[in-house]
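Have a look at run.tsv; it's TSV, C-alpha atoms:
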```tsv
chain	number	residue	atom	x	y	z
Y	1	MET	CA	108.88	73.03	124.31
Y	2	ASP	CA	108.68	75.69	126.96
Y	3	SER	CA	105.17	76.50	128.20
Y	4	GLN	CA	105.90	80.24	128.01
Y	5	ASN	CA	106.48	80.07	124.25
Y	6	LYS	CA	103.29	78.15	123.55
Y	7	PHE	CA	100.44	80.11	121.98
Y	8	MET	CA	97.03	79.48	123.47
Y	9	PRO	CA	93.67	80.17	121.81
Y	10	GLN	CA	92.83	82.78	124.45
Y	11	ASP	CA	95.84	84.81	123.26
Y	12	TYR	CA	93.89	85.63	120.10
Y	13	ILE	CA	90.83	87.06	121.91
Y	14	PRO	CA	92.06	90.71	121.76
Y	15	ILE	CA	92.67	90.35	118.01
Y	16	MET	CA	89.19	88.93	117.47
Y	17	ILE	CA	87.60	91.71	119.56
Y	18	GLN	CA	89.47	94.37	117.56
Y	19	SER	CA	88.46	92.70	114.28
Y	20	PHE	CA	84.78	92.67	115.29
Y	21	ILE	CA	84.94	96.33	116.32
Y	22	VAL	CA	86.56	97.31	113.02
Y	23	LEU	CA	84.09	95.30	110.94
Y	24	GLY	CA	81.18	96.70	112.94
Y	25	PHE	CA	82.42	100.26	112.42
Y	26	VAL	CA	82.87	99.76	108.68
Y	27	LEU	CA	79.47	98.13	108.20
Y	28	THR	CA	77.71	100.71	110.38
Y	29	THR	CA	79.36	103.59	108.54
Y	30	MET	CA	78.46	102.19	105.11
Y	31	ILE	CA	74.84	101.51	106.05
Y	32	MET	CA	74.35	104.87	107.80
Y	33	THR	CA	75.75	106.87	104.87
Y	34	HIS	CA	73.22	105.25	102.56
Y	35	LEU	CA	70.34	105.77	104.97
Y	36	LEU	CA	71.14	109.33	106.09
Y	37	GLY	CA	72.69	110.72	102.92
Y	38	PRO	CA	70.77	112.79	100.37
Y	39	LEU	CA	68.92	110.79	97.76
Y	40	ARG	CA	68.63	113.52	95.12
Y	41	LYS	CA	70.08	112.35	91.84
Y	42	SER	CA	70.62	114.60	88.87
Y	43	LYS	CA	72.52	114.40	85.62
Y	44	ALA	CA	75.22	116.71	86.97
Y	45	LYS	CA	75.74	114.60	90.11
Y	46	LEU	CA	75.96	111.35	88.17
Y	47	GLU	CA	78.56	112.74	85.76
Y	48	ASN	CA	82.21	111.73	86.16
Y	49	PHE	CA	84.46	114.39	87.67
Y	50	GLU	CA	88.22	114.41	87.81
Y	51	CYS	CA	90.61	117.23	88.64
Y	52	GLY	CA	88.18	119.92	87.53
Y	53	ILE	CA	88.61	119.00	83.87
Y	54	GLU	CA	85.51	118.42	81.82
Y	55	GLY	CA	85.21	114.90	80.54
Y	56	MET	CA	85.39	114.46	76.80
Y	57	GLY	CA	85.22	111.49	74.51
Y	58	ASN	CA	84.84	107.87	75.38
Y	59	ALA	CA	86.66	106.57	78.45
Y	60	ARG	CA	87.07	103.22	76.71
Y	61	SER	CA	89.30	104.59	73.95
Y	62	PRO	CA	92.42	102.44	73.55
Y	63	PHE	CA	95.74	103.47	75.07
Y	64	SER	CA	99.08	102.78	73.50
Y	65	VAL	CA	100.59	99.49	74.57
Y	66	LYS	CA	103.86	101.36	75.15
Y	67	TYR	CA	102.28	103.14	78.12
Y	68	PHE	CA	101.49	99.86	79.85
Y	69	LEU	CA	104.84	98.35	78.90
Y	70	ILE	CA	106.75	101.23	80.48
Y	71	ALA	CA	104.57	101.00	83.60
Y	72	ILE	CA	105.13	97.25	83.96
Y	73	LEU	CA	108.87	97.60	83.42
Y	74	PHE	CA	109.02	100.35	86.04
Y	75	VAL	CA	107.22	98.17	88.58
Y	76	LEU	CA	109.44	95.20	87.73
Y	77	PHE	CA	112.72	97.05	88.21
Y	78	ASP	CA	111.39	98.97	91.20
Y	79	VAL	CA	110.51	95.72	92.98
Y	80	GLU	CA	113.93	94.31	92.18
Y	81	VAL	CA	115.56	97.26	93.93
Y	82	ILE	CA	113.53	96.44	97.05
Y	83	PHE	CA	115.42	93.14	97.29
Y	84	MET	CA	118.67	95.07	97.69
Y	85	TYR	CA	117.68	96.71	100.97
Y	86	PRO	CA	117.80	93.58	103.18
Y	87	TRP	CA	121.10	92.67	101.56
Y	88	ALA	CA	122.56	96.11	102.34
Y	89	VAL	CA	121.39	95.89	105.96
Y	90	ASN	CA	122.96	92.45	106.43
Y	91	PHE	CA	125.99	93.05	104.22
Y	92	ARG	CA	128.65	92.22	106.85
Y	93	ASP	CA	126.80	89.17	108.19
Y	94	LEU	CA	126.41	87.63	104.73
Y	95	GLY	CA	130.12	87.77	103.94
Y	96	ALA	CA	131.67	86.89	100.61
Y	97	ASN	CA	128.89	84.46	99.63
Y	98	GLY	CA	126.28	87.16	100.10
Y	99	PHE	CA	128.35	89.55	98.02
Y	100	LEU	CA	128.71	87.01	95.20
Y	101	ASP	CA	124.99	86.27	95.32
Y	102	MET	CA	124.21	89.98	94.97
Y	103	LEU	CA	126.65	90.28	92.07
Y	104	LEU	CA	124.84	87.41	90.36
Y	105	PHE	CA	121.49	89.05	91.07
Y	106	LEU	CA	122.65	92.43	89.72
Y	107	GLY	CA	124.20	90.74	86.69
Y	108	LEU	CA	120.92	89.02	85.82
Y	109	LEU	CA	119.06	92.28	86.39
Y	110	LEU	CA	121.50	94.09	84.09
Y	111	LEU	CA	121.10	91.39	81.42
Y	112	GLY	CA	117.32	91.86	81.59
Y	113	PHE	CA	117.72	95.62	81.27
Y	114	ILE	CA	120.06	95.28	78.29
Y	115	TYR	CA	117.57	92.89	76.67
Y	116	ILE	CA	114.67	95.34	76.93
Y	117	VAL	CA	116.85	98.18	75.63
Y	118	PHE	CA	117.86	96.16	72.55
Y	119	LYS	CA	114.26	95.07	71.98
Y	120	GLY	CA	113.29	98.76	71.90
Y	121	ALA	CA	110.84	98.52	74.78
Y	122	LEU	CA	111.90	101.93	76.10
Y	123	LYS	CA	111.50	103.78	72.80
Y	124	TRP	CA	108.32	105.80	73.04
Y	125	ASP	CA	107.87	106.68	69.39
Y	126	ASN	CA	107.68	104.24	66.49
Y	127	SER	CA	110.53	105.79	64.50
```

With the file now loaded, output its structure as structure tokens.
Amino acid sequence: MDSQNKFMPQDYIPIMIQSFIVLGFVLTTMIMTHLLGPLRKSKAKLENFECGIEGMGNARSPFSVKYFLIAILFVLFDVEVIFMYPWAVNFRDLGANGFLDMLLFLGLLLLGFIYIVFKGALKWDNS
């Protein structure tokens, strides 16, 4: 093995110095905000605030399972599309085998999509 390609422990010193500086900044900032910040607490300050809309009801009220199902399916199919980018970049280098592999991948993805459509996972209402 060539001595120029060998990593030495002293090569990591700049990374360790930067990590200590970052951790020191974060800890100092968190401690100073608690020490220097105002300590006045009131009911209005402790109340939840979001988008200027007054809070109403219980935040623990149940959501429809359909909402979470649609969100999970979106993430699933969105992540699958990410796998297509490296294939498209290396399309010519992969040749016919790469093309057939992507056809298999897309076929399985399409089968999964057809399955969730027939199961009714994308129907929002219960009718």

Within 12 Å of Y:Leu109, counting all atoms listed in the file, which residues show up once you throw out same-chain ones fewer than 6 positions away? Write them as an mmCIF file with C-alpha atoms, keeping the file's coordinate frame, please.
```cif
data_model
loop_
_atom_site.group_PDB
_atom_site.id
_atom_site.type_symbol
_atom_site.label_atom_id
_atom_site.label_comp_id
_atom_site.auth_asym_id
_atom_site.auth_seq_id
_atom_site.Cartn_x
_atom_site.Cartn_y
_atom_site.Cartn_z
ATOM 1 C CA LEU Y 73 108.870 97.600 83.420
ATOM 2 C CA LEU Y 76 109.440 95.200 87.730
ATOM 3 C CA PHE Y 77 112.720 97.050 88.210
ATOM 4 C CA ASP Y 78 111.390 98.970 91.200
ATOM 5 C CA VAL Y 79 110.510 95.720 92.980
ATOM 6 C CA GLU Y 80 113.930 94.310 92.180
ATOM 7 C CA VAL Y 81 115.560 97.260 93.930
ATOM 8 C CA PHE Y 83 115.420 93.140 97.290
ATOM 9 C CA MET Y 84 118.670 95.070 97.690
ATOM 10 C CA MET Y 102 124.210 89.980 94.970
ATOM 11 C CA LEU Y 103 126.650 90.280 92.070
ATOM 12 C CA TYR Y 115 117.570 92.890 76.670
ATOM 13 C CA ILE Y 116 114.670 95.340 76.930
#
```

Atom pair atom CA of Y:Lys66 + atom CA of Y:Gly112, distance 17.7 Å

In Å, rounded to a single decimal, give me how far atom CA of Y:Ala121 is from atom CA of Y:Phe68.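 Computing it gives 10.7 Å between the two atoms.
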
What is the atom CA of Y:Val89-atom CA of Y:Leu110 distance in Å, reported with one decimal?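 Taking atom CA of Y:Val89 and atom CA of Y:Leu110, their separation equals 21.9 Å.
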
Determine, counting only C-alpha atoms, which protein, DNA and RNA residues have an atom within 12 Å of an atom of Y:Trp87; residues of the same chain fewer than 3 positions away are not included. Present the result as a PDB file with C-alpha atoms, keeping the file's coordinate frame.
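Saved as out_31.pdb:
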```pdb
ATOM      1  CA  GLU Y  80     113.930  94.310  92.180  1.00  0.00           C
ATOM      2  CA  VAL Y  81     115.560  97.260  93.930  1.00  0.00           C
ATOM      3  CA  ILE Y  82     113.530  96.440  97.050  1.00  0.00           C
ATOM      4  CA  PHE Y  83     115.420  93.140  97.290  1.00  0.00           C
ATOM      5  CA  MET Y  84     118.670  95.070  97.690  1.00  0.00           C
ATOM      6  CA  ASN Y  90     122.960  92.450 106.430  1.00  0.00           C
ATOM      7  CA  PHE Y  91     125.990  93.050 104.220  1.00  0.00           C
ATOM      8  CA  ARG Y  92     128.650  92.220 106.850  1.00  0.00           C
ATOM      9  CA  ASP Y  93     126.800  89.170 108.190  1.00  0.00           C
ATOM     10  CA  LEU Y  94     126.410  87.630 104.730  1.00  0.00           C
ATOM     11  CA  GLY Y  95     130.120  87.770 103.940  1.00  0.00           C
ATOM     12  CA  ASN Y  97     128.890  84.460  99.630  1.00  0.00           C
ATOM     13  CA  GLY Y  98     126.280  87.160 100.100  1.00  0.00           C
ATOM     14  CA  PHE Y  99     128.350  89.550  98.020  1.00  0.00           C
ATOM     15  CA  LEU Y 100     128.710  87.010  95.200  1.00  0.00           C
ATOM     16  CA  ASP Y 101     124.990  86.270  95.320  1.00  0.00           C
ATOM     17  CA  MET Y 102     124.210  89.980  94.970  1.00  0.00           C
ATOM     18  CA  LEU Y 103     126.650  90.280  92.070  1.00  0.00           C
ATOM     19  CA  PHE Y 105     121.490  89.050  91.070  1.00  0.00           C
ATOM     20  CA  LEU Y 106     122.650  92.430  89.720  1.00  0.00           C
TER      21      LEU Y 106
END
```

Using all atoms listed in the file, pick whichever of Y:Phe74, Y:Tyr67, Y:Glu47, Y:Gln18 has the shortest atom-to-atom distance to Y:Phe113.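 For Y:Phe113, the nearest of the candidates is Y:Phe74.
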